[in-house]
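What follows is a short report on a single structure.
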Amino acid sequence: MLIHHLRVLPLLVRMHVRSQMEYCGAFWLDRLAQILSYGSVFATIGILLARFDTLGGWTWPELALLFSFQLLAYSLGAAMSFVQLRDLEELVRLGTFDTLLVKPFSPWAYLVFSGLNIGYTGHVILAVALMGWAVLSVDFVWSVWSASFLIAALISATLLTAALITMIGATALIWVRSNHLFSIFFGFWDLTRYPLNIFPGGIQTILITAVPLALTSSVPVGALLGKPIPSLGDWAGLASLVAGPIWVLIAIVHWRYATGKYQGAGG
Amino acid sequence: MSAYFAFARSSFHSQLAYRNEVWANIFGKLVQVFARVAIWQAAYAGVSAIVVDGVSLQQMVTYALLGGAVLGATRPERIIGEIGRSLKTGDIAVWLLKPLSYPLYLFANECGSFGYRLMTQVIPTIAFTALFYGMLPPASLFDGLMFIAFWALSFTLLFLMSALFGLVAFWLMTSFSLDWILGALLQLFSGLLIPFWFFPEPLATIARHLPFAWVVYYPNAVYLGRLSTADVWLHFGLGLAWAALFLTGVLWLWRCASGRITVQGG
């Protein structure tokens with residue numbers, strides 16, 4: 001079964017990528033627009049720091065590292081999940097999800113890999129370029145250990161992002177509608193490009209527990225740079241590394257529970 | 001006119017139908033506004049001051065509340081997305097058969113949607129956060145009244161800009177990038193997060209003259225009494241001129257676009 005899945009997955013990805021690249025000009029125009037959009041968010045933070053020097057004790061290059069880490073982790077995780085799981089609501093509403101259940105293939109794997117989103121290329125280009133600049137500009141002595149931690153934390157943050165989006169999407173199997181939960185997700189996600197310590201205690205707690213998006217940005221980057229992390233303190237580094245795998249397990253349980261509860265809403 | 005009123009009412013009711021979404025939107029809006037205030041509190045704490053460039057922290061908190069809740073209630077992506085969807089599905093052709101104006105329909109639809117967001121997001125968010133943070137009243141009665149006029153102008157301008165960007169989709173055959181480009185321009189040049197008095201020169205001068213400034217910056221500056229009476233009238237007039245220019249652009253583009261419609265649907 002696993003070998004069968006592994007053989008089919010690259011075919012699903014190749015088919016979807018070819019369909020997305022059919023209008024090549026439009027594809028790259030869209031990516032350029034996204035780079036401009038996130039670039040303007042980054043420029044806004046730059047203007048703020050140009051006048052106020054620091055934000056919550058973080059300097060401009062440190063915030064650039066935070067911003068690029070947050071954007072890269074999100075784009076890698078969301079490429080594997082967001083559009084696919086956002087569209088699940090519509091599949092449930094129309095009854096199309098039933099056709100996935102009768103395929104001799106994991107519905108989750110089919111959804112994710114048949115819709116693998118290369119549209120996040122613009123995010124990745126901007127984030128990698130910015131991270132390269134930030135890594136060289138930040139006042140920090142890099143070592144093999146710190147570089148390894150950065151990569152491991154990035155993988156964990158990517159897994160965490162994909163797990164949370166999967167859980168939100170899977171909720172549509174129970175509630176029929178779940179896309180409004182994405183507005184809460186993105187409301188909190190917008191906050192994670194700023195240091196955790198500047199927010200009120202209630203928001204800090206939510207960002208570490210119920211919507212643990214701080215673990216995809218300021219907690220790992222803060223732990224790396226030796227910044228004080230609210231609530232987690234010295235455990236911030238470890239929490240950043242284990243958060244991704246733990247939330248993947250929770251997402252698997254939630255997906256199984258939701259598919260077990262699914263009764264179909266289409267005609 | 002009753003047809004457009006019906007469109008506005010329908011848009012209002014259709015969004016009110018899903019209660020979970022109403023609560024999620026209120027919660028999301030509250031989080032955003034709390035975050036904006038937290039950013040300014042942290043910025044002022046960083047320089048250990050309660051007044052920076054003649055602007056007090058309380059004024060900046062008020063600016064953040066107004067910018068986030070009141071002026072952030074219009075959704076350009078919804079307008080551009082609506083045009084993009086109609087273009088993609090071929091529904092746009094149906095509008096040529098109806099004795100109705102498509103741009104006016106879009107405006108009526110957005111008015112209904114704005115009414116929904118006003119009732120379910122703006123008023124609850126402002127009421128709650130004002131109690132929490134102690135929002136400043138308008139600098140004077142005149143500034144308060146003119147803020148309402150600027151708010152209406154801001155809504156109209158943002159609608160016209162969005163419609164203009166959306167109609168360009170007739171030539172590009174995609175609305176996705178247009179939505180993101182307008183969002184980028186608004187993020188940087190509307191003053192949504194950072195008012196222009198904190199911008200470095202000459203960027204501040206450029207930003208003050210761009211039409212995006214009338215979306216957030218000028219209404220907020222009027223509310224806080226940062227403009228003299230003469231400047232308020234001058235900038236209101238300039239804002240109306242921008243709106244007239246965009247209106248002409250929308251009507252002209254719609255006329256050109258109507259001749260380009262190619263229905264690919266079944």
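Letters A, B, ... go to the chains of the structure tokens in the order shown; residues in each chain start at 1; ligands are counted from 1 in the same order.
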
| task | Mind listing the alpha helix (DSSP H) residues of segment 160-196 of chain A, per DSSP on the backbone, as number ranges by chain? | result | A: 160-170, 172-175, 180-191

(Q) I'd like the neighbourhood of segment 135-148 of chain B as a ChimeraX atom specification, where a residue qualifies if any of its atoms comes within 7 Å (using only C-alpha atoms), though same-chain residues fewer than 3 positions away should be ignored. (A) /B:59,62,130,151-152,219,222-225

- Query: Expressed in Å to a single decimal, how great is the separation between atom CA of Phe105 of chain A and atom CA of His4 of chain A?
  - Reply: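 A separation of 8.6 Å between them.
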
field: Pairwise distance for atom CA of Phe188 of chain A and atom CA of Thr205 of chain A, rounded to one decimal in Å
entry: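 Here the two named atoms are 11.8 Å from each other.
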
- Message: So that I can see what lies close to Val55 of chain B, please list as a VMD selection string the residues with an atom at most 10 Å from it, counting only C-alpha atoms and leaving out residues fewer than 3 positions away in the same chain.
- Response: chain B and resid 50 to 52 58 to 60 197 to 198 224 226

Take the selection from the previous step and output its residues with all heavy atoms, as a compact mmCIF listing (two decimals), in the first residue's frame.
# COMPACT_ATOMS: atom_id res chain seq x y z
N ILE B 50 6.32 59.19 25.97
CA ILE B 50 4.88 59.10 25.76
C ILE B 50 4.44 60.08 24.65
O ILE B 50 3.28 60.09 24.25
CB ILE B 50 4.07 59.35 27.06
CG1 ILE B 50 4.52 60.63 27.73
CG2 ILE B 50 4.14 58.18 28.00
CD1 ILE B 50 3.53 61.12 28.78
N VAL B 51 5.41 60.91 24.20
CA VAL B 51 5.14 61.79 23.05
C VAL B 51 6.31 61.67 22.07
O VAL B 51 7.46 61.86 22.45
CB VAL B 51 4.97 63.27 23.48
CG1 VAL B 51 4.75 64.16 22.26
CG2 VAL B 51 3.81 63.43 24.45
N VAL B 52 6.02 61.33 20.82
CA VAL B 52 7.06 61.23 19.78
C VAL B 52 6.61 62.08 18.59
O VAL B 52 5.50 61.90 18.09
CB VAL B 52 7.28 59.76 19.34
CG1 VAL B 52 8.31 59.68 18.21
CG2 VAL B 52 7.72 58.90 20.51
N GLN B 58 -1.47 58.00 23.47
CA GLN B 58 -2.93 57.87 23.44
C GLN B 58 -3.49 58.21 22.06
O GLN B 58 -4.43 57.58 21.58
CB GLN B 58 -3.54 58.78 24.52
CG GLN B 58 -4.99 58.44 24.87
CD GLN B 58 -5.17 56.98 25.34
OE1 GLN B 58 -4.39 56.50 26.14
NE2 GLN B 58 -6.17 56.29 24.80
N GLN B 59 -2.86 59.21 21.41
CA GLN B 59 -3.30 59.56 20.05
C GLN B 59 -3.01 58.42 19.07
O GLN B 59 -3.80 58.11 18.19
CB GLN B 59 -2.60 60.84 19.57
CG GLN B 59 -3.20 62.11 20.16
CD GLN B 59 -2.47 63.35 19.70
OE1 GLN B 59 -1.23 63.40 19.70
NE2 GLN B 59 -3.21 64.36 19.31
N MET B 60 -1.83 57.79 19.27
CA MET B 60 -1.47 56.67 18.38
C MET B 60 -2.36 55.46 18.61
O MET B 60 -2.70 54.74 17.68
CB MET B 60 0.00 56.28 18.58
CG MET B 60 0.98 56.93 17.66
SD MET B 60 0.42 57.21 15.96
CE MET B 60 0.06 55.57 15.39
N TRP B 197 3.48 60.85 9.50
CA TRP B 197 4.36 61.72 10.29
C TRP B 197 5.56 60.93 10.84
O TRP B 197 6.50 61.54 11.32
CB TRP B 197 3.61 62.48 11.39
CG TRP B 197 2.73 61.65 12.30
CD1 TRP B 197 3.16 60.83 13.28
CD2 TRP B 197 1.30 61.61 12.32
NE1 TRP B 197 2.08 60.26 13.92
CE2 TRP B 197 0.93 60.71 13.36
CE3 TRP B 197 0.30 62.22 11.58
CZ2 TRP B 197 -0.41 60.45 13.66
CZ3 TRP B 197 -1.03 61.95 11.89
CH2 TRP B 197 -1.38 61.07 12.91
N PHE B 198 5.51 59.60 10.78
CA PHE B 198 6.67 58.80 11.17
C PHE B 198 7.46 58.31 9.95
O PHE B 198 8.43 57.58 10.10
CB PHE B 198 6.24 57.58 12.01
CG PHE B 198 5.71 57.95 13.37
CD1 PHE B 198 4.59 57.32 13.89
CD2 PHE B 198 6.34 58.92 14.14
CE1 PHE B 198 4.10 57.65 15.16
CE2 PHE B 198 5.85 59.27 15.40
CZ PHE B 198 4.72 58.64 15.90
N LEU B 224 -8.00 63.39 14.70
CA LEU B 224 -7.07 63.76 15.78
C LEU B 224 -6.74 65.25 15.80
O LEU B 224 -5.98 65.71 16.66
CB LEU B 224 -5.77 62.95 15.66
CG LEU B 224 -5.89 61.44 15.88
CD1 LEU B 224 -4.59 60.73 15.53
CD2 LEU B 224 -6.28 61.12 17.33
N ARG B 226 -5.06 66.98 13.48
CA ARG B 226 -3.69 67.25 12.99
C ARG B 226 -3.70 68.18 11.78
O ARG B 226 -2.64 68.57 11.32
CB ARG B 226 -3.00 65.93 12.61
CG ARG B 226 -2.88 64.93 13.71
CD ARG B 226 -1.64 65.07 14.56
NE ARG B 226 -0.41 65.08 13.79
CZ ARG B 226 0.80 65.24 14.34
NH1 ARG B 226 0.90 65.41 15.66
NH2 ARG B 226 1.87 65.25 13.61

If you count only C-alpha atoms, the residue of A:Gly95, A:Pro200, A:Gly122, A:Gly169 closest to chain B turns out to be A:Pro200

Next item on the list: Dump as a PyMOL selection string the residues of chain A that approach chain B to within 9 Å, counting only C-alpha atoms.
Entry: chain A and resi 26+29-34+36-41+43-45+47-57+178-181+183-188+190-191+194+198-200+203

Practice task
Give the strand (DSSP E) residues of segment 23-158 of chain B, as DSSP finds them on the backbone, and put them as a list in words.
Solution key: Val51, Val52, Val55 and Ser56 of chain B

Can I get the selection written as a short mmCIF file (atom, residue, chain, number, x, y, z; two decimals), in the first residue's frame, with C-alpha atoms?
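selection_0.cif was written with the following content:
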data_model
loop_
_atom_site.label_atom_id
_atom_site.label_comp_id
_atom_site.auth_asym_id
_atom_site.auth_seq_id
_atom_site.Cartn_x
_atom_site.Cartn_y
_atom_site.Cartn_z
CA VAL B 51 5.14 61.79 23.05
CA VAL B 52 7.06 61.23 19.78
CA VAL B 55 2.09 62.67 18.86
CA SER B 56 1.11 61.15 22.19
#

message = Give me, as a PyMOL selection string, all polymer residues having an atom no more than 7 Å from segment 240-257 of chain B, counting only C-alpha atoms and skipping those fewer than 3 positions away in the same chain.
response = chain B and resi 157+160-161+163-164+167+170+211+236-237+260-261

task = Give me the residues within 9 Å of Tyr102 of chain B as a list in words, counting only C-alpha atoms and dropping any in the same chain fewer than 6 places off.
result = Ile92, Trp95, Leu96 and Trp254 of chain B

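One finds atom CA of His5 of chain A at 26.3 Å from atom CA of Leu154 of chain A.
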